[in-house]
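Data block below; observations after.
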Amino acid sequence: MKKTLYIFSVAMLIALMAFNGCKKDGDPVSVADTTIPDDIFPLKATNRFVYSGYFTNADTETPIAGTDALYSTSWTLGSSATPFSAIFGATYGGLVSANNGGRTSASLIYDTTLIVPPLTPAGVTVKKFTPIFAYYDTVNADYYYMTNLGLFFRGSVIRDSANGGIRRDSLRFIKLASPRAKIGGEFTSFQQSYISYSNPLAPTTIVLTVTGKWESKVDVTVNDTTYSSYYLIISRTAKVGTATVASGVTAKLWLVKGVGPVKMFLAGDAEAPGNYRVLKSKKIN
């Protein structure tokens, strides 16, 4: 009987060692894969995406009633070397280049969105073209896109001099996505301080910061297709000293390897509504 118990105990020990892989103190603990692939938004010319969705109220995610019925947006990618001057003209294109490290061109995304009632008169729809410039940093695997800081400049009275007009260099490239930050990781998209003349007698320094955070890896089903996506939230804050004077979500993106955004929320503002978009169809090269 004792011999039988001994054999059983040895067998159990061997099984436990095999199960635990002979783990020793100090061995790393296995964790879930948090990596994000580099190619989550291929900027390939002629790639085309069509989205359904709806408009949202200002910078909230609240739908504007009735806008889902006719809503349609298409993204068509143009050349990766489209010069800024082709869209903005030679003079302003040169200013854009000067304020973005001398870069003169980038990939152009043709955003064509159907503006629908009640944002237009009853029965009237209008196609609006918005150029979106973007580029991929091959060294760091970071994606950048051009945003317009004009509303911030106007709202915070950011002047080109103490007695001058509102600054005109509002088109700036900021980081859209940094895959190597990994799931749960954060990265700084943009940060810069400005002098605000909201009170001309007491100008103050205001710091604008835009950050991104990879929230999770999540399956999303759009147009009867399920994708493994990487959920990214872009947020902004404006501070005077330690006091936050403005903050909010700028965008939410569900990005897919080899495809790009299959779902997104693009926050609006006091001058334009936001957009909630869901992939309807695509053509990928």
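In the structure tokens, chains take letters A, B, ... by order of appearance, with residues numbered from 1 within each chain and ligands from 1 in the order shown.
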
Write out as an NGL selection string the set of residues from stretch 62-141 of chain A that DSSP, computed on the backbone, places in helix (DSSP H, G or I). :A and (85-98)

All strand (DSSP E or B) residues (DSSP, backbone) inside stretch 154-184 of chain A, as a PyMOL selection string: chain A and resi 158-159+166+171-177

Selection above as a file: N, CA, C and O atoms, as a short mmCIF file (atom, residue, chain, number, x, y, z; two decimals), in the first residue's frame:
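Result file is out.cif:
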data_model
loop_
_atom_site.label_atom_id
_atom_site.label_comp_id
_atom_site.auth_asym_id
_atom_site.auth_seq_id
_atom_site.Cartn_x
_atom_site.Cartn_y
_atom_site.Cartn_z
N ILE A 158 -5.95 83.77 -29.86
CA ILE A 158 -4.52 83.56 -30.07
C ILE A 158 -4.10 84.43 -31.24
O ILE A 158 -4.45 84.15 -32.40
N ARG A 159 -3.36 85.49 -30.97
CA ARG A 159 -3.00 86.46 -31.99
C ARG A 159 -1.59 86.22 -32.50
O ARG A 159 -0.77 85.59 -31.83
N ILE A 166 -5.94 87.26 -35.50
CA ILE A 166 -5.86 85.85 -35.09
C ILE A 166 -4.84 85.13 -35.96
O ILE A 166 -4.77 85.34 -37.18
N LEU A 171 -3.37 75.21 -39.50
CA LEU A 171 -3.32 73.86 -40.05
C LEU A 171 -2.03 73.18 -39.59
O LEU A 171 -0.94 73.54 -40.01
N ARG A 172 -2.17 72.21 -38.72
CA ARG A 172 -1.01 71.54 -38.13
C ARG A 172 -1.16 70.02 -38.19
O ARG A 172 -2.24 69.48 -37.99
N PHE A 173 -0.04 69.36 -38.46
CA PHE A 173 -0.02 67.90 -38.37
C PHE A 173 0.10 67.49 -36.91
O PHE A 173 0.97 67.99 -36.19
N ILE A 174 -0.77 66.60 -36.48
CA ILE A 174 -0.66 66.03 -35.14
C ILE A 174 -0.71 64.50 -35.27
O ILE A 174 -1.18 63.97 -36.27
N LYS A 175 -0.21 63.83 -34.27
CA LYS A 175 -0.14 62.37 -34.32
C LYS A 175 -1.54 61.78 -34.16
O LYS A 175 -2.26 62.08 -33.21
N LEU A 176 -1.91 60.93 -35.11
CA LEU A 176 -3.22 60.27 -35.06
C LEU A 176 -3.14 58.95 -34.31
O LEU A 176 -4.00 58.62 -33.50
N ALA A 177 -2.09 58.18 -34.58
CA ALA A 177 -1.99 56.85 -33.98
C ALA A 177 -0.53 56.45 -33.84
O ALA A 177 0.28 56.67 -34.75
#

Kindly assemble as a Markdown table a list of the stretch 125-146 of chain A residues that lie within 12 Å of stretch 187-192 of chain A, each paired with its nearest atom pair and their distance in Å to one decimal, using only C-alpha atoms, sorted first by chain and then by ascending residue number.
| residue | atom | partner | partner_atom | distance |
| --- | --- | --- | --- | --- |
| A:Asp142 | CA | A:Ser189 | CA | 10.1 |
| A:Tyr143 | CA | A:Ser189 | CA | 9.9 |
| A:Tyr144 | CA | A:Ser189 | CA | 8.6 |
| A:Tyr145 | CA | A:Ser189 | CA | 10.1 |
| A:Met146 | CA | A:Phe190 | CA | 11.4 |

Could you take the residues named above and write them with C-alpha atoms, as a CSV table (one decimal), in the first residue's frame?
chain,number,residue,atom,x,y,z
A,142,ASP,CA,3.3,56.7,-36.4
A,143,TYR,CA,0.4,58.1,-38.3
A,144,TYR,CA,-0.1,61.9,-38.6
A,145,TYR,CA,-3.0,63.9,-40.0
A,146,MET,CA,-3.6,67.6,-40.6

Can you pull out every residue within 12 Å of stretch 196-210 of chain A, counting only C-alpha atoms, but drop anything in the same chain fewer than 4 positions away, and send it as a VMD selection string? chain A and resid 147 149 152 to 167 173 to 177 186 to 192 233 to 251

Convert the current residue selection to file output with C-alpha atoms, as a short mmCIF file (atom, residue, chain, number, x, y, z; two decimals), in the first residue's frame.
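Here's the written file out.cif:
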data_model
loop_
_atom_site.label_atom_id
_atom_site.label_comp_id
_atom_site.auth_asym_id
_atom_site.auth_seq_id
_atom_site.Cartn_x
_atom_site.Cartn_y
_atom_site.Cartn_z
CA THR A 147 -6.05 69.26 -38.22
CA LEU A 149 -6.76 74.70 -34.77
CA PHE A 152 -9.19 77.16 -30.69
CA PHE A 153 -7.26 80.19 -31.95
CA ARG A 154 -10.46 82.23 -32.34
CA GLY A 155 -12.05 81.10 -29.08
CA SER A 156 -8.90 81.69 -27.03
CA VAL A 157 -7.94 84.83 -29.00
CA ILE A 158 -4.52 83.56 -30.07
CA ARG A 159 -3.00 86.46 -31.99
CA ASP A 160 0.05 86.68 -34.22
CA SER A 161 1.16 89.67 -32.09
CA ALA A 162 -0.15 91.67 -29.17
CA ASN A 163 -2.14 93.98 -31.45
CA GLY A 164 -2.38 91.72 -34.48
CA GLY A 165 -5.08 89.49 -35.88
CA ILE A 166 -5.86 85.85 -35.09
CA ARG A 167 -3.00 83.56 -36.07
CA PHE A 173 -0.02 67.90 -38.37
CA ILE A 174 -0.66 66.03 -35.14
CA LYS A 175 -0.14 62.37 -34.32
CA LEU A 176 -3.22 60.27 -35.06
CA ALA A 177 -1.99 56.85 -33.98
CA GLU A 186 -0.99 56.47 -24.21
CA PHE A 187 0.88 58.89 -26.44
CA THR A 188 1.03 62.66 -26.92
CA SER A 189 -0.42 63.74 -30.25
CA PHE A 190 0.31 67.43 -29.87
CA GLN A 191 1.28 69.92 -27.19
CA GLN A 192 2.01 73.61 -27.48
CA ILE A 233 -9.62 57.49 -28.22
CA ILE A 234 -8.16 60.93 -28.96
CA SER A 235 -8.76 63.61 -26.30
CA ARG A 236 -7.87 67.26 -25.81
CA THR A 237 -7.32 69.59 -22.87
CA ALA A 238 -6.58 73.29 -22.64
CA LYS A 239 -5.04 74.55 -19.41
CA VAL A 240 -4.15 77.88 -17.90
CA GLY A 241 -1.66 77.03 -15.20
CA THR A 242 -3.07 73.98 -13.44
CA ALA A 243 -6.68 74.88 -14.24
CA THR A 244 -8.38 73.03 -17.09
CA VAL A 245 -10.41 75.53 -19.10
CA ALA A 246 -11.60 73.12 -21.80
CA SER A 247 -11.50 69.38 -22.40
CA GLY A 248 -13.24 66.65 -24.32
CA VAL A 249 -13.01 63.72 -26.73
CA THR A 250 -11.88 64.64 -30.22
CA ALA A 251 -12.30 61.25 -31.90
#

Surrounding residues of A:Phe88 excluding itself and chain neighbours under 2 positions, 12 Å, only C-alpha atoms, as a list of chain:residue names: A:Thr82, A:Pro83, A:Phe84, A:Ser85, A:Ala86, A:Ala90, A:Thr91, A:Tyr92, A:Gly93, A:Gly94, A:Leu95, A:Val96, A:Ser97, A:Thr104, A:Ser105, A:Thr130, A:Pro131, A:Ile132, A:Phe133, A:Leu171

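Pairwise distance (atom CA of A:Arg103, atom CA of A:Ala45) equals 19.1 Å.
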
Within 12 Å of stretch 270-277 of chain A: each stretch 31-92 of chain A residue with its shortest pair, only C-alpha atoms, as CSV:
residue,atom,partner,partner_atom,distance
A:Phe49,CA,A:Arg277,CA,10.8
A:Val50,CA,A:Arg277,CA,9.2
A:Tyr51,CA,A:Arg277,CA,5.6
A:Ser52,CA,A:Arg277,CA,5.7
A:Gly53,CA,A:Arg277,CA,4.5
A:Tyr54,CA,A:Tyr276,CA,5.5
A:Phe55,CA,A:Asn275,CA,4.6
A:Thr56,CA,A:Gly274,CA,4.6
A:Asn57,CA,A:Pro273,CA,5.4
A:Ala58,CA,A:Pro273,CA,4.7
A:Asp59,CA,A:Gly274,CA,6.2
A:Thr60,CA,A:Gly274,CA,7.5
A:Glu61,CA,A:Gly274,CA,7.7
A:Thr62,CA,A:Gly274,CA,9.1
A:Pro63,CA,A:Tyr276,CA,8.3
A:Ile64,CA,A:Pro273,CA,8.7
A:Thr67,CA,A:Asn275,CA,10.2
A:Asp68,CA,A:Tyr276,CA,9.6
A:Tyr71,CA,A:Arg277,CA,9.1
A:Ser72,CA,A:Arg277,CA,8.6
A:Thr73,CA,A:Arg277,CA,7.9
A:Ser74,CA,A:Arg277,CA,10.1
A:Trp75,CA,A:Arg277,CA,11.3

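For the pair atom CA of A:Leu108 and atom CA of A:Leu43, the separation is 8.8 Å.
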
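Across the model, the gap from atom CA of A:Phe41 to atom CA of A:Pro261 is 7.0 Å.
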
Pick out the residues sitting within 6 Å of A:Lys257, and hand them over as a PyMOL selection string; count only C-alpha atoms, and ignore anything fewer than 2 positions along from it in its own chain. chain A and resi 39-40+259

Produce a file of the selected residues containing all heavy atoms, as a PDB file, in the first residue's frame.
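Below is the file part.pdb, written as the result:
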ATOM      1  N   ASP A  39       0.488  48.335 -39.571  1.00  0.00           N
ATOM      2  CA  ASP A  39      -0.322  48.708 -40.738  1.00  0.00           C
ATOM      3  C   ASP A  39      -1.820  48.751 -40.415  1.00  0.00           C
ATOM      4  O   ASP A  39      -2.621  48.006 -40.971  1.00  0.00           O
ATOM      5  CB  ASP A  39      -0.056  47.765 -41.918  1.00  0.00           C
ATOM      6  CG  ASP A  39      -0.349  46.308 -41.591  1.00  0.00           C
ATOM      7  OD1 ASP A  39      -0.285  45.930 -40.395  1.00  0.00           O
ATOM      8  OD2 ASP A  39      -0.670  45.535 -42.521  1.00  0.00           O
ATOM      9  N   ILE A  40      -2.192  49.653 -39.506  1.00  0.00           N
ATOM     10  CA  ILE A  40      -3.600  49.773 -39.129  1.00  0.00           C
ATOM     11  C   ILE A  40      -4.337  50.839 -39.938  1.00  0.00           C
ATOM     12  O   ILE A  40      -5.539  51.016 -39.773  1.00  0.00           O
ATOM     13  CB  ILE A  40      -3.751  50.087 -37.626  1.00  0.00           C
ATOM     14  CG1 ILE A  40      -2.882  51.274 -37.248  1.00  0.00           C
ATOM     15  CG2 ILE A  40      -3.425  48.871 -36.779  1.00  0.00           C
ATOM     16  CD1 ILE A  40      -3.165  51.809 -35.884  1.00  0.00           C
ATOM     17  N   VAL A 259      -6.568  47.497 -43.176  1.00  0.00           N
ATOM     18  CA  VAL A 259      -7.783  48.135 -43.685  1.00  0.00           C
ATOM     19  C   VAL A 259      -7.799  49.617 -43.333  1.00  0.00           C
ATOM     20  O   VAL A 259      -7.749  50.493 -44.191  1.00  0.00           O
ATOM     21  CB  VAL A 259      -9.058  47.444 -43.130  1.00  0.00           C
ATOM     22  CG1 VAL A 259     -10.309  48.181 -43.626  1.00  0.00           C
ATOM     23  CG2 VAL A 259      -9.095  45.985 -43.543  1.00  0.00           C
TER      24      VAL A 259
END

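Using only C-alpha atoms, the residues found no farther than 10 Å from A:Val220, other than those of its own chain fewer than 2 positions away, are Lys217, Val218, Val222, Asp224, Thr225, Thr226, Tyr227, Ser228, Ser229, Tyr230, Tyr231, Trp254, Val256, Val262 and Lys263 of chain A.
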